[in-house]
Amino acid sequence: MESIIDKLPVSSIIIFALADKEGFYDQLNFKRLKTGMGKFENSKRMKANGYIE
């Protein structure tokens, strides 16, 4: 994963992470966002999968 991140031509990365996967991203030095909003084509599915409230 770090090799992929290192190749990206950007300085900021935003990801979706389920609660049980956050530890993985913590190890890669990702930080939790204080705010965020999203609009999804299938919000019922996103909610069922745990991505949104």
# chains A, B, ... in the order shown; residues from 1 in each chain; ligands from 1
call {"tool": "select_by_dssp", "arguments": {"residues": "chain A", "states": "alpha helix (DSSP H)", "output": "list in words"}}
result
Glu2, Ser3, Ile4, Ile5, Asp6, Lys7, Glu22, Gly23, Phe24, Tyr25, Asp26, Gln27, Ser43, Lys44, Arg45, Met46, Lys47 and Ala48 of chain A
call {"tool": "write_last_selection", "arguments": {"atoms": "all heavy atoms", "output": "CSV table (one decimal), in the first residue's frame"}}
result
chain,number,residue,atom,x,y,z
A,2,GLU,N,1.9,1.3,0.8
A,2,GLU,CA,2.8,2.4,0.8
A,2,GLU,C,3.4,2.7,-0.5
A,2,GLU,O,3.6,3.9,-0.9
A,2,GLU,CB,3.9,2.3,1.9
A,2,GLU,CG,3.3,2.4,3.3
A,2,GLU,CD,4.4,2.2,4.4
A,2,GLU,OE1,5.5,2.7,4.1
A,2,GLU,OE2,4.1,1.7,5.4
A,3,SER,N,3.8,1.7,-1.3
A,3,SER,CA,4.4,1.9,-2.6
A,3,SER,C,3.3,2.6,-3.5
A,3,SER,O,3.7,3.4,-4.4
A,3,SER,CB,4.9,0.6,-3.2
A,3,SER,OG,3.9,-0.3,-3.4
A,4,ILE,N,2.1,2.2,-3.4
A,4,ILE,CA,1.0,2.8,-4.2
A,4,ILE,C,0.9,4.3,-3.8
A,4,ILE,O,0.8,5.2,-4.7
A,4,ILE,CB,-0.3,2.1,-4.0
A,4,ILE,CG1,-0.2,0.7,-4.6
A,4,ILE,CG2,-1.5,2.9,-4.7
A,4,ILE,CD1,-1.4,-0.2,-4.3
A,5,ILE,N,0.8,4.6,-2.5
A,5,ILE,CA,0.7,5.9,-2.0
A,5,ILE,C,1.8,6.8,-2.5
A,5,ILE,O,1.7,7.9,-2.9
A,5,ILE,CB,0.6,5.9,-0.5
A,5,ILE,CG1,-0.8,5.3,-0.1
A,5,ILE,CG2,0.7,7.4,0.1
A,5,ILE,CD1,-0.9,5.0,1.4
A,6,ASP,N,3.0,6.3,-2.4
A,6,ASP,CA,4.2,7.0,-2.8
A,6,ASP,C,4.2,7.4,-4.3
A,6,ASP,O,4.8,8.4,-4.7
A,6,ASP,CB,5.5,6.2,-2.5
A,6,ASP,CG,5.8,6.1,-1.0
A,6,ASP,OD1,5.2,6.9,-0.2
A,6,ASP,OD2,6.5,5.2,-0.6
A,7,LYS,N,3.5,6.6,-5.1
A,7,LYS,CA,3.5,6.9,-6.6
A,7,LYS,C,2.4,7.9,-6.9
A,7,LYS,O,2.4,8.4,-8.1
A,7,LYS,CB,3.3,5.6,-7.3
A,7,LYS,CG,4.5,4.7,-7.2
A,7,LYS,CD,4.2,3.4,-7.9
A,7,LYS,CE,5.3,2.4,-7.7
A,7,LYS,NZ,5.1,1.1,-8.3
A,22,GLU,N,-10.2,0.6,10.2
A,22,GLU,CA,-9.5,1.9,10.5
A,22,GLU,C,-8.1,1.7,11.0
A,22,GLU,O,-7.2,2.4,10.8
A,22,GLU,CB,-10.3,2.7,11.4
A,22,GLU,CG,-11.5,3.3,10.8
A,22,GLU,CD,-12.4,4.0,11.7
A,22,GLU,OE1,-12.3,3.9,12.9
A,22,GLU,OE2,-13.3,4.8,11.2
A,23,GLY,N,-7.8,0.6,11.8
A,23,GLY,CA,-6.5,0.3,12.3
A,23,GLY,C,-5.5,0.2,11.2
A,23,GLY,O,-4.3,0.6,11.4
A,24,PHE,N,-5.9,-0.4,10.1
A,24,PHE,CA,-5.0,-0.6,9.0
A,24,PHE,C,-4.5,0.7,8.5
A,24,PHE,O,-3.3,0.9,8.2
A,24,PHE,CB,-5.7,-1.4,7.9
A,24,PHE,CG,-4.9,-1.5,6.6
A,24,PHE,CD1,-3.8,-2.3,6.4
A,24,PHE,CD2,-5.2,-0.7,5.5
A,24,PHE,CE1,-3.1,-2.4,5.2
A,24,PHE,CE2,-4.5,-0.7,4.3
A,24,PHE,CZ,-3.5,-1.6,4.2
A,25,TYR,N,-5.4,1.7,8.3
A,25,TYR,CA,-5.1,3.0,7.8
A,25,TYR,C,-4.4,3.8,8.8
A,25,TYR,O,-3.5,4.7,8.5
A,25,TYR,CB,-6.3,3.7,7.3
A,25,TYR,CG,-6.9,3.0,6.1
A,25,TYR,CD1,-8.0,2.1,6.1
A,25,TYR,CD2,-6.2,3.1,4.8
A,25,TYR,CE1,-8.5,1.5,5.0
A,25,TYR,CE2,-6.7,2.4,3.7
A,25,TYR,CZ,-7.8,1.6,3.8
A,25,TYR,OH,-8.3,0.9,2.7
A,26,ASP,N,-4.6,3.6,10.1
A,26,ASP,CA,-3.9,4.3,11.2
A,26,ASP,C,-2.4,3.9,11.0
A,26,ASP,O,-1.5,4.8,11.2
A,26,ASP,CB,-4.4,3.8,12.6
A,26,ASP,CG,-5.7,4.4,13.0
A,26,ASP,OD1,-6.1,5.5,12.4
A,26,ASP,OD2,-6.4,3.9,13.8
A,27,GLN,N,-2.1,2.7,10.7
A,27,GLN,CA,-0.7,2.2,10.6
A,27,GLN,C,0.0,2.9,9.4
A,27,GLN,O,1.2,3.0,9.4
A,27,GLN,CB,-0.6,0.7,10.4
A,27,GLN,CG,-1.1,-0.1,11.6
A,27,GLN,CD,-1.1,-1.6,11.4
A,27,GLN,OE1,-0.8,-2.0,10.3
A,27,GLN,NE2,-1.6,-2.3,12.3
A,43,SER,N,-27.5,5.3,-1.7
A,43,SER,CA,-27.2,5.6,-0.3
A,43,SER,C,-27.7,4.5,0.6
A,43,SER,O,-27.1,4.2,1.7
A,43,SER,CB,-27.8,6.9,0.1
A,43,SER,OG,-29.2,6.9,-0.1
A,44,LYS,N,-28.8,3.7,0.2
A,44,LYS,CA,-29.2,2.6,1.1
A,44,LYS,C,-28.2,1.6,1.2
A,44,LYS,O,-27.9,1.0,2.2
A,44,LYS,CB,-30.5,2.0,0.5
A,44,LYS,CG,-31.7,2.9,0.7
A,44,LYS,CD,-33.0,2.3,0.2
A,44,LYS,CE,-34.2,3.2,0.3
A,44,LYS,NZ,-35.4,2.6,-0.2
A,45,ARG,N,-27.5,1.3,0.1
A,45,ARG,CA,-26.4,0.3,0.1
A,45,ARG,C,-25.2,0.8,0.9
A,45,ARG,O,-24.6,0.0,1.6
A,45,ARG,CB,-26.0,-0.1,-1.4
A,45,ARG,CG,-24.9,-1.1,-1.4
A,45,ARG,CD,-24.6,-1.5,-2.8
A,45,ARG,NE,-24.3,-0.3,-3.6
A,45,ARG,CZ,-23.3,-0.2,-4.4
A,45,ARG,NH1,-22.4,-1.1,-4.5
A,45,ARG,NH2,-23.1,1.0,-5.0
A,46,MET,N,-24.9,2.0,0.7
A,46,MET,CA,-23.7,2.6,1.5
A,46,MET,C,-24.0,2.5,2.9
A,46,MET,O,-23.1,2.2,3.7
A,46,MET,CB,-23.5,4.0,1.0
A,46,MET,CG,-23.0,4.1,-0.4
A,46,MET,SD,-21.4,3.3,-0.7
A,46,MET,CE,-20.3,4.5,-0.1
A,47,LYS,N,-25.3,2.8,3.3
A,47,LYS,CA,-25.6,2.7,4.8
A,47,LYS,C,-25.6,1.3,5.2
A,47,LYS,O,-25.1,1.0,6.3
A,47,LYS,CB,-27.0,3.3,5.0
A,47,LYS,CG,-27.4,3.4,6.4
A,47,LYS,CD,-28.7,4.2,6.7
A,47,LYS,CE,-29.0,4.3,8.1
A,47,LYS,NZ,-30.1,5.1,8.4
A,48,ALA,N,-26.1,0.4,4.5
A,48,ALA,CA,-26.2,-1.0,4.8
A,48,ALA,C,-24.7,-1.6,5.0
A,48,ALA,O,-24.5,-2.4,5.8
A,48,ALA,CB,-26.9,-1.8,3.8
call {"tool": "atom_distance", "arguments": {"atom1": "CA of Gly50 in chain A", "atom2": "CA of Met37 in chain A"}}
result
14.4 Å
call {"tool": "closest_residue", "arguments": {"among": "A:Met1, A:Leu33, A:Ile13, A:Ala19", "to": "Asn49 in chain A", "atoms": "only C-alpha atoms"}}
result
A:Ala19
call {"tool": "residues_around", "arguments": {"residues": "Ile14 in chain A", "least_positions_apart": "3", "cutoff": "10 Å", "atoms": "only C-alpha atoms", "output": "PyMOL selection string"}}
result
chain A and resi 17+30-33
call {"tool": "decode", "arguments": {"residues": "range 1-20 of chain A", "atoms": "N, CA and C atoms", "output": "PDB file, in the first residue's frame"}}
result
ATOM      1  N   MET A   1       0.819  -1.186   0.000  1.00  0.00           N
ATOM      2  CA  MET A   1       0.000   0.000   0.000  1.00  0.00           C
ATOM      3  C   MET A   1       0.869   1.258   0.000  1.00  0.00           C
ATOM      4  N   GLU A   2       1.926   1.260   0.788  1.00  0.00           N
ATOM      5  CA  GLU A   2       2.796   2.439   0.838  1.00  0.00           C
ATOM      6  C   GLU A   2       3.419   2.731  -0.529  1.00  0.00           C
ATOM      7  N   SER A   3       3.764   1.696  -1.275  1.00  0.00           N
ATOM      8  CA  SER A   3       4.359   1.921  -2.599  1.00  0.00           C
ATOM      9  C   SER A   3       3.345   2.558  -3.544  1.00  0.00           C
ATOM     10  N   ILE A   4       2.082   2.213  -3.403  1.00  0.00           N
ATOM     11  CA  ILE A   4       1.031   2.835  -4.212  1.00  0.00           C
ATOM     12  C   ILE A   4       0.878   4.305  -3.815  1.00  0.00           C
ATOM     13  N   ILE A   5       0.814   4.570  -2.520  1.00  0.00           N
ATOM     14  CA  ILE A   5       0.668   5.942  -2.024  1.00  0.00           C
ATOM     15  C   ILE A   5       1.837   6.797  -2.495  1.00  0.00           C
ATOM     16  N   ASP A   6       3.040   6.263  -2.420  1.00  0.00           N
ATOM     17  CA  ASP A   6       4.236   7.008  -2.817  1.00  0.00           C
ATOM     18  C   ASP A   6       4.220   7.397  -4.291  1.00  0.00           C
ATOM     19  N   LYS A   7       3.542   6.636  -5.116  1.00  0.00           N
ATOM     20  CA  LYS A   7       3.496   6.909  -6.558  1.00  0.00           C
ATOM     21  C   LYS A   7       2.419   7.917  -6.942  1.00  0.00           C
ATOM     22  N   LEU A   8       1.519   8.243  -6.035  1.00  0.00           N
ATOM     23  CA  LEU A   8       0.442   9.172  -6.359  1.00  0.00           C
ATOM     24  C   LEU A   8       0.980  10.601  -6.468  1.00  0.00           C
ATOM     25  N   PRO A   9       0.562  11.325  -7.512  1.00  0.00           N
ATOM     26  CA  PRO A   9       1.056  12.696  -7.708  1.00  0.00           C
ATOM     27  C   PRO A   9       0.220  13.727  -6.934  1.00  0.00           C
ATOM     28  N   VAL A  10      -0.136  13.405  -5.693  1.00  0.00           N
ATOM     29  CA  VAL A  10      -0.970  14.288  -4.878  1.00  0.00           C
ATOM     30  C   VAL A  10      -0.393  14.378  -3.470  1.00  0.00           C
ATOM     31  N   SER A  11      -0.802  15.408  -2.749  1.00  0.00           N
ATOM     32  CA  SER A  11      -0.329  15.557  -1.370  1.00  0.00           C
ATOM     33  C   SER A  11      -1.402  15.180  -0.347  1.00  0.00           C
ATOM     34  N   SER A  12      -2.649  15.038  -0.783  1.00  0.00           N
ATOM     35  CA  SER A  12      -3.751  14.670   0.119  1.00  0.00           C
ATOM     36  C   SER A  12      -4.512  13.496  -0.465  1.00  0.00           C
ATOM     37  N   ILE A  13      -4.933  12.580   0.412  1.00  0.00           N
ATOM     38  CA  ILE A  13      -5.699  11.404   0.003  1.00  0.00           C
ATOM     39  C   ILE A  13      -6.862  11.257   0.966  1.00  0.00           C
ATOM     40  N   ILE A  14      -8.056  11.065   0.445  1.00  0.00           N
ATOM     41  CA  ILE A  14      -9.228  10.799   1.274  1.00  0.00           C
ATOM     42  C   ILE A  14      -9.751   9.414   0.899  1.00  0.00           C
ATOM     43  N   ILE A  15     -10.025   8.601   1.912  1.00  0.00           N
ATOM     44  CA  ILE A  15     -10.472   7.228   1.664  1.00  0.00           C
ATOM     45  C   ILE A  15     -11.754   6.948   2.435  1.00  0.00           C
ATOM     46  N   PHE A  16     -12.447   5.914   2.045  1.00  0.00           N
ATOM     47  CA  PHE A  16     -13.548   5.348   2.810  1.00  0.00           C
ATOM     48  C   PHE A  16     -12.982   4.181   3.601  1.00  0.00           C
ATOM     49  N   ALA A  17     -13.264   4.128   4.887  1.00  0.00           N
ATOM     50  CA  ALA A  17     -12.796   3.004   5.698  1.00  0.00           C
ATOM     51  C   ALA A  17     -13.908   2.557   6.641  1.00  0.00           C
ATOM     52  N   LEU A  18     -14.214   1.291   6.628  1.00  0.00           N
ATOM     53  CA  LEU A  18     -15.161   0.753   7.600  1.00  0.00           C
ATOM     54  C   LEU A  18     -14.505   0.741   8.976  1.00  0.00           C
ATOM     55  N   ALA A  19     -15.323   0.777  10.000  1.00  0.00           N
ATOM     56  CA  ALA A  19     -14.816   0.857  11.374  1.00  0.00           C
ATOM     57  C   ALA A  19     -13.804  -0.244  11.687  1.00  0.00           C
ATOM     58  N   ASP A  20     -14.038  -1.444  11.198  1.00  0.00           N
ATOM     59  CA  ASP A  20     -13.130  -2.545  11.524  1.00  0.00           C
ATOM     60  C   ASP A  20     -11.844  -2.524  10.697  1.00  0.00           C
TER      61      ASP A  20
END
